[in-house]
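Each remark here refers to the structure printed beneath this line.
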Amino acid sequence: MKRLLPLLLAWALLCGCGADQPASSQGPAAGDTQYFFAMDTLMSITAYDGDTAAALVAAQQEINRLEALWSRTRPESDVSRLNAHAGDGTAVPIQPETAGLLETAAAAARESGLAFDPVLAPVMDAWGFGLTESEATAVHRVPGQEELSALLPLTRDLPQAAALEDGSYAAALPLAGQAVDLGGIAKGASAAYVVQALTAHGVENAILSLGGNITALGSRPDGQPFRVLVTDPLDSEESYLCTIALGGGLTCSTSGGYERYFTSGGAAYHHIIDPATGYPAQSGLLSVTTVAAGPALADAWSTALFVLGLDRALELWRAGEGTVAGMELILVTEDQRIYVTQGLEEGLQLHGEEAGYTYEIVRR
Ligand code: ADP
Ligand code: MG
């Protein structure tokens, strides 16, 4: 519930309507909203035009279909079957969607110098962040250095996916004990399929919230861009840092250590792991928000930049080329400085000053 409340509150504002007046009861002018639980998180989709009822059914079906392919907990999923054959030389048949996602994940991994690592599963499991996704049943623990050192060699070699002659796809993991975990990219990647399903039913204006990833199609019914609240990582249940304007199919994705963590011996351990050490990333950042045209990339890079830290993130953004250079960023440091890149300045509203945050617009 800890993670659901802010989402619901944010949703009320996103839709421009009070929480006591759900959008779905107001007819298409206010949008039709579908809430559901998938990929271990609360999701919601509001469609403002087209055949909203059919569109929302189709959108949710797409998410369910993709979860059945990408889940680590369902034995029949592409990911589970790939993991089950790690290192045994089997080319495991996978769906084209999975091949595409593995390719996108591998590209983000290479470009980020493996700060984004799609084969971190053995390390995630050692911390108890792995297979039992539900907070209620997860058994978290702090693994020893020896245990982590033995696992790290399994997290370097990316899965190999290939198109076969008959047009189907197969993939393999080179080392025994390896396992894919797409938790840092799958929800974002799903957004692209949801958008396709919506547009196929005539939807041109919609907003989707897929667990920390918000995609805005078109604009609000009043013609204004959608407004997205960015959570205060120091008070994630109550407060917001800022509001940004979002539209035109862009996706906003936030990663932060506050999203999922446990405490042991007085220390907090969160779920974004630095693949270089096997420990929760300690880059000096509290959260990273990316805004990008590609939802899978927004998702992967919010995780990657959280690992890489402020200086490297801004360096990549300032570089004339590369994936991050084409994004906008909100970087929040442990000493409460917020860096917002210039493309987000228009429509930016600040809310965190009373809580002690300072803001800086970063320009090229
Ligand atoms: P969330 O899924 O909680 O919204 P993220 O998008 O940042 O947040 O993804 C975090 C998830 O990604 C973790 O739960 C784990 O499954 C996976 N993960 C953790 N660290 C990394 C990493 N360095 N690279 C890729 N995936 C990671
Ligand atoms: Mg992510």
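Letters for chains follow the order of the structure tokens (A, B, ...), residue numbers begin at 1 for each chain, and ligand numbers begin at 1 in the order shown.
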
Please return as an MDAnalysis selection string the residues found within 7 Å of ligand 1, counting only C-alpha atoms and all ligand atoms. chainID A and resid 115:118 120 124 129:130 181:185 211:212 254:256 259:260 271:275 299:300 302:304 307

For region 279-293 of chain A, work out the shell of residues within 9 Å, counting only C-alpha atoms and skipping chain neighbours fewer than 4 positions away, then give it as number ranges by chain. A: 123, 127, 148, 230-234, 246, 248-258, 269-275, 297-299, 301-303, 305-310, 324, 326-336, 344

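Compared by their closest atoms to ligand 2, and using only C-alpha atoms and all ligand atoms, the residues A:Ala86, A:Ile214, A:Ile207, A:Cys242 rank with A:Ile214 nearest.
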
I'd like the contact shell of Arg81 (chain A) - 9 Å cut-off, only C-alpha atoms, skipping same-chain residues fewer than 5 positions apart - returned as a ChimeraX atom specification. /A:75-76,86,92-94

Keeping N, CA and C atoms, export the residues of the selection given above as a compact mmCIF listing (two decimals), in the first residue's frame.
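Done, and the output landed in part_29.txt:
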```txt
# COMPACT_ATOMS: atom_id res chain seq x y z
N PRO A 75 6.56 -19.91 -14.55
CA PRO A 75 7.51 -20.84 -15.16
C PRO A 75 7.44 -20.91 -16.68
N GLU A 76 6.27 -20.59 -17.25
CA GLU A 76 6.13 -20.71 -18.71
C GLU A 76 6.54 -19.44 -19.46
N ALA A 86 19.94 -21.51 -18.77
CA ALA A 86 21.20 -20.74 -18.76
C ALA A 86 22.40 -21.69 -18.80
N VAL A 92 16.56 -21.02 -26.75
CA VAL A 92 15.18 -21.07 -26.25
C VAL A 92 14.28 -20.22 -27.14
N PRO A 93 13.22 -20.81 -27.70
CA PRO A 93 12.29 -20.02 -28.54
C PRO A 93 11.63 -18.92 -27.72
N ILE A 94 11.63 -17.70 -28.24
CA ILE A 94 10.99 -16.58 -27.55
C ILE A 94 10.14 -15.81 -28.56
```

DSSP on the backbone: what in region 144-338 of chain A comes out helix (DSSP H, G or I), as number ranges by chain? A: 145-155, 186-200, 295-308, 310-318, 324-326

Ala200 (chain A) proximity check over A:Asp49, A:Phe37, A:Leu66, A:Ser44, using only C-alpha atoms: winner is A:Asp49

What parts of region 21-208 of chain A does DSSP call strand (DSSP E)? I'd like the answer as a ChimeraX atom specification. /A:32-38,41-47,92-94,160-163,169-172,206-208

My list of candidates is A:Ala84, A:Gly113, A:Leu154, A:Pro159. Which is closest to Ala99 (chain A) when distances are computed with only C-alpha atoms? A:Pro159

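Between ligand 2 and the candidates A:Thr155, A:Tyr240, A:Ala108, A:Gly202, the tightest atom-to-atom separation, counting only C-alpha atoms and all ligand atoms, involves A:Ala108.
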
Any idea what's packed within 12 Å of Gly89 (chain A), counting only C-alpha atoms, ignoring anything in its chain fewer than 4 positions away? Could you give it as a PyMOL selection string? chain A and resi 82-85+159-160+170-176

Kindly export the residues of the current selection with N, CA, C and O atoms, as a PDB file, in the first residue's frame.
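So part_37.pdb came out as:
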```
ATOM      1  N   LEU A  82      14.094 -19.038 -20.556  1.00  0.00           N
ATOM      2  CA  LEU A  82      15.462 -18.633 -20.895  1.00  0.00           C
ATOM      3  C   LEU A  82      16.369 -18.856 -19.687  1.00  0.00           C
ATOM      4  O   LEU A  82      17.469 -19.438 -19.808  1.00  0.00           O
ATOM      5  N   ASN A  83      15.927 -18.428 -18.518  1.00  0.00           N
ATOM      6  CA  ASN A  83      16.735 -18.582 -17.306  1.00  0.00           C
ATOM      7  C   ASN A  83      16.964 -20.051 -16.960  1.00  0.00           C
ATOM      8  O   ASN A  83      18.047 -20.433 -16.509  1.00  0.00           O
ATOM      9  N   ALA A  84      15.929 -20.878 -17.190  1.00  0.00           N
ATOM     10  CA  ALA A  84      16.036 -22.297 -16.837  1.00  0.00           C
ATOM     11  C   ALA A  84      17.112 -23.000 -17.684  1.00  0.00           C
ATOM     12  O   ALA A  84      17.674 -24.005 -17.267  1.00  0.00           O
ATOM     13  N   HIS A  85      17.385 -22.458 -18.859  1.00  0.00           N
ATOM     14  CA  HIS A  85      18.377 -23.084 -19.747  1.00  0.00           C
ATOM     15  C   HIS A  85      19.714 -22.346 -19.762  1.00  0.00           C
ATOM     16  O   HIS A  85      20.523 -22.562 -20.660  1.00  0.00           O
ATOM     17  N   PRO A 159      22.458 -11.671 -22.579  1.00  0.00           N
ATOM     18  CA  PRO A 159      21.828 -12.755 -23.333  1.00  0.00           C
ATOM     19  C   PRO A 159      22.014 -12.537 -24.830  1.00  0.00           C
ATOM     20  O   PRO A 159      22.085 -11.410 -25.306  1.00  0.00           O
ATOM     21  N   GLN A 160      22.092 -13.645 -25.552  1.00  0.00           N
ATOM     22  CA  GLN A 160      22.209 -13.554 -27.007  1.00  0.00           C
ATOM     23  C   GLN A 160      20.866 -13.924 -27.624  1.00  0.00           C
ATOM     24  O   GLN A 160      20.369 -15.024 -27.392  1.00  0.00           O
ATOM     25  N   ALA A 170      14.996 -16.795 -31.027  1.00  0.00           N
ATOM     26  CA  ALA A 170      15.474 -17.643 -29.933  1.00  0.00           C
ATOM     27  C   ALA A 170      16.542 -16.870 -29.174  1.00  0.00           C
ATOM     28  O   ALA A 170      17.137 -15.924 -29.692  1.00  0.00           O
ATOM     29  N   ALA A 171      16.751 -17.257 -27.933  1.00  0.00           N
ATOM     30  CA  ALA A 171      17.774 -16.584 -27.119  1.00  0.00           C
ATOM     31  C   ALA A 171      18.452 -17.591 -26.214  1.00  0.00           C
ATOM     32  O   ALA A 171      17.922 -18.680 -25.964  1.00  0.00           O
ATOM     33  N   ALA A 172      19.633 -17.216 -25.746  1.00  0.00           N
ATOM     34  CA  ALA A 172      20.378 -18.089 -24.838  1.00  0.00           C
ATOM     35  C   ALA A 172      21.191 -17.238 -23.871  1.00  0.00           C
ATOM     36  O   ALA A 172      21.624 -16.137 -24.211  1.00  0.00           O
ATOM     37  N   LEU A 173      21.375 -17.776 -22.683  1.00  0.00           N
ATOM     38  CA  LEU A 173      22.265 -17.154 -21.705  1.00  0.00           C
ATOM     39  C   LEU A 173      23.551 -17.969 -21.679  1.00  0.00           C
ATOM     40  O   LEU A 173      23.504 -19.189 -21.511  1.00  0.00           O
ATOM     41  N   PRO A 174      24.704 -17.312 -21.840  1.00  0.00           N
ATOM     42  CA  PRO A 174      25.938 -18.065 -22.007  1.00  0.00           C
ATOM     43  C   PRO A 174      26.391 -18.861 -20.772  1.00  0.00           C
ATOM     44  O   PRO A 174      26.968 -19.934 -20.935  1.00  0.00           O
ATOM     45  N   LEU A 175      26.127 -18.388 -19.554  1.00  0.00           N
ATOM     46  CA  LEU A 175      26.712 -19.026 -18.372  1.00  0.00           C
ATOM     47  C   LEU A 175      25.665 -19.696 -17.485  1.00  0.00           C
ATOM     48  O   LEU A 175      24.587 -19.140 -17.263  1.00  0.00           O
ATOM     49  N   ALA A 176      25.997 -20.871 -16.959  1.00  0.00           N
ATOM     50  CA  ALA A 176      25.124 -21.526 -15.982  1.00  0.00           C
ATOM     51  C   ALA A 176      24.993 -20.625 -14.756  1.00  0.00           C
ATOM     52  O   ALA A 176      25.978 -20.011 -14.321  1.00  0.00           O
TER      53      ALA A 176
END
```

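Rounded to one decimal, CA of Leu241 (chain A) and CA of Phe226 (chain A) lie 16.7 Å from each other.
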
Nearest to Gly128 (chain A), chosen from A:Phe262, A:Gly356, A:Arg364, A:Glu62, with only C-alpha atoms counted in the distances: A:Phe262

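CA of Arg72 (chain A) is positioned 14.5 Å from CA of Gly177 (chain A).
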
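Minimum atom-to-atom distances from A:Gln224, A:Gln95, A:Gln34, A:Gln342 to Ile361 (chain A) were compared using only C-alpha atoms, and the lowest value belongs to A:Gln342.
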
Go ahead and compute the interatomic distance for CA of Ala58 (chain A) and CA of Asp40 (chain A), in Å to one decimal. 19.5 Å
